[in-house]
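As structure tokens, the structure follows; a few thoughts come after it.
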Amino acid sequence: MKKYICDVCGWIYDPEVGDPDSGIAPGTAFEDIPDDWECPECGVGKDDFSALES
Amino acid sequence: MNTTLKEGIDWVGYIDWTVRDFHGYKTDSGSTYNAYLIRDEQCAVIDAVKAPYVDKYIARIKALTDLENIRYVVCNHAEPDHSGGLPGIMEACPQAELVCNAKCKDALEKHFDTSTWKWRIVEDGDSISLGKRTLSFINTPMVHWPESMFTYVPEDKLLFSMDAFGQHFATAFRFDDEEPLEVIMQEAKAYYANIVMLYGRPIAQTLDRAAELEIEMIAPSHGVIWRSHLKEVLAAYRKWVVCKPTPKVIVLYATMWQATEHMAEAILEGVQEFEVEARFYNVDATHSTQIATEVLDCAAIAIGSPTLNNTLMPNLAGVLCYLKGLRPTQKQGFAFGSYGWSKRGGASEVEDAMKEMKIELMQEPIRSQYVPTPEILEECREAGRAMGRYAEQFGK
């Protein structure tokens, strides 16, 4: 599973960690996050994230 | 007025004594837009001021050096209260390079005609030598905007922290030991709560990075410069980034015919049976700026509205919208309110808003059809006791 970076603030979504504060369980692929989820740091939506090349 | 931070480094900003509304933030103490001039083999200006005060800012710089000596103009933050004066200074200093990160350049280009500006784009960790001194740059995204950055002068152990550690506080003095500390800390707290409360996570990371630097002085872009009380403000920020609860309870309400107000009073009575601070706010009497400041470090909050037109009282809805955006954490509470014939709106919508704010609900909403009965008022008192009991533990 790929990590994704927020283009606005640089926060990185790591699927192994998830975003438990927003109800995204560890192990959730970025693609499986609901569309109304927001970047926990700056508040933008999934559209403003880009896949990180590993 | 002493404007000298360190030998060769001066404040060249503007004191805005009369501003009372800063995009909705009620600035009863006015504000300052801080900018700084560093005179070295190469001169640098750190940030600018709000557009209407650009001439006074340039005059302060001119009083200290010829404008042709300005080699760099650093922009730490693109928001117009600091960047509004950049077109003026860049026009007055055509030889100067605008120093900022790539995100900041993008933001500035979307604010101003920058077609004649020379740019020096810096990345996190880059530095520029001025001669005896170095400017080094630290990206601090979301403290307060995506492009925000700190500029650090290691030789002087001086951090230009932009909005972080700022205060909306107009004073004839530039330093933290020239005004009463409790006044400055209260202004710093109001500023934190109303401007950056929602960015607690990135601010905590920024504090960790700042802890790696040797810092003797912090020069923010609003209010006084920290040179004597860094320890106090850094310790306060550590608490504020997690909205650390204190033994304080807030009762916040709107009212039509005083039914919800009577419920609020009964809740307050219950709270006051415990050794906790209490705040009692009718939204019509208290500005959202003060409410947000107190929410930052409260332990529990009860919020009430009657049903009006099958929804909330609009004045309370506005405050809830504001608080929701500021994303306070670590709070408990409940909703209450009176209604006439429809239980929709009122307490139900208040509770929905509290859920969205991730306030941990202590109980179901307390509702009263029309005027509260003695039984309902006792239910309110009991709910107030639960909040008081919960908040009291944070004083131990």
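So you can find residues: chains in the structure tokens are A, B, ... in the order shown, residues in each start at 1, and ligands are numbered from 1 in order.
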
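Near chain B, counting only C-alpha atoms at 8 Å, the chain A residues are Val8, Cys9, Gly10, Glu41 and Cys42 of chain A.
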
DSSP on the backbone: what in chain A comes out strand (DSSP E), as a compact mmCIF listing (two decimals) with N, CA, C and O atoms, in the first residue's frame?
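This is the output file out_19.txt:
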# COMPACT_ATOMS: atom_id res chain seq x y z
N TYR A 4 0.64 8.51 0.88
CA TYR A 4 0.19 9.68 0.13
C TYR A 4 0.58 10.94 0.90
O TYR A 4 0.54 10.96 2.13
N ILE A 5 0.94 11.98 0.14
CA ILE A 5 1.32 13.26 0.77
C ILE A 5 0.29 14.34 0.45
O ILE A 5 -0.22 14.39 -0.67
N CYS A 6 0.00 15.15 1.44
CA CYS A 6 -0.91 16.29 1.24
C CYS A 6 -0.14 17.38 0.49
O CYS A 6 0.90 17.85 0.95
N ILE A 12 1.81 13.39 5.70
CA ILE A 12 1.89 12.12 4.95
C ILE A 12 0.93 11.10 5.55
O ILE A 12 0.94 10.86 6.77
N TYR A 13 0.09 10.54 4.68
CA TYR A 13 -0.79 9.45 5.11
C TYR A 13 -0.05 8.13 4.94
O TYR A 13 0.34 7.75 3.83
N PHE A 49 -4.31 15.17 -2.36
CA PHE A 49 -3.21 14.27 -2.00
C PHE A 49 -2.58 13.65 -3.25
O PHE A 49 -3.27 13.41 -4.24
N SER A 50 -1.29 13.39 -3.18
CA SER A 50 -0.58 12.70 -4.27
C SER A 50 0.14 11.48 -3.73
O SER A 50 0.64 11.50 -2.59
N ALA A 51 0.21 10.45 -4.56
CA ALA A 51 0.91 9.23 -4.15
C ALA A 51 2.40 9.51 -4.02
O ALA A 51 2.98 10.24 -4.82

>> I'd like the neighbourhood of segment 329-344 of chain B as a VMD selection string, where a residue qualifies if any of its atoms comes within 8 Å (using only C-alpha atoms), though same-chain residues fewer than 2 positions away should be ignored.
In response: chain B and resid 242 to 245 259 to 260 263 298 to 308 310 to 311 327 346 to 351 354 358 to 372 387

> Which neighbours of Gly84 of chain B fall inside 9 Å, counting only C-alpha atoms, when residues of the same chain fewer than 5 positions from it are skipped, and could you give them as an NGL selection string?
Replying inline: :B and (48-54 or 78-79 or 111-112)

>> Let's see if you can do this: from backbone DSSP, list all helix (DSSP H, G or I) residues in segment 56-140 of chain B, as a PyMOL selection string.
In response: chain B and resi 56-62+67-69+80-83+86-92+102-109
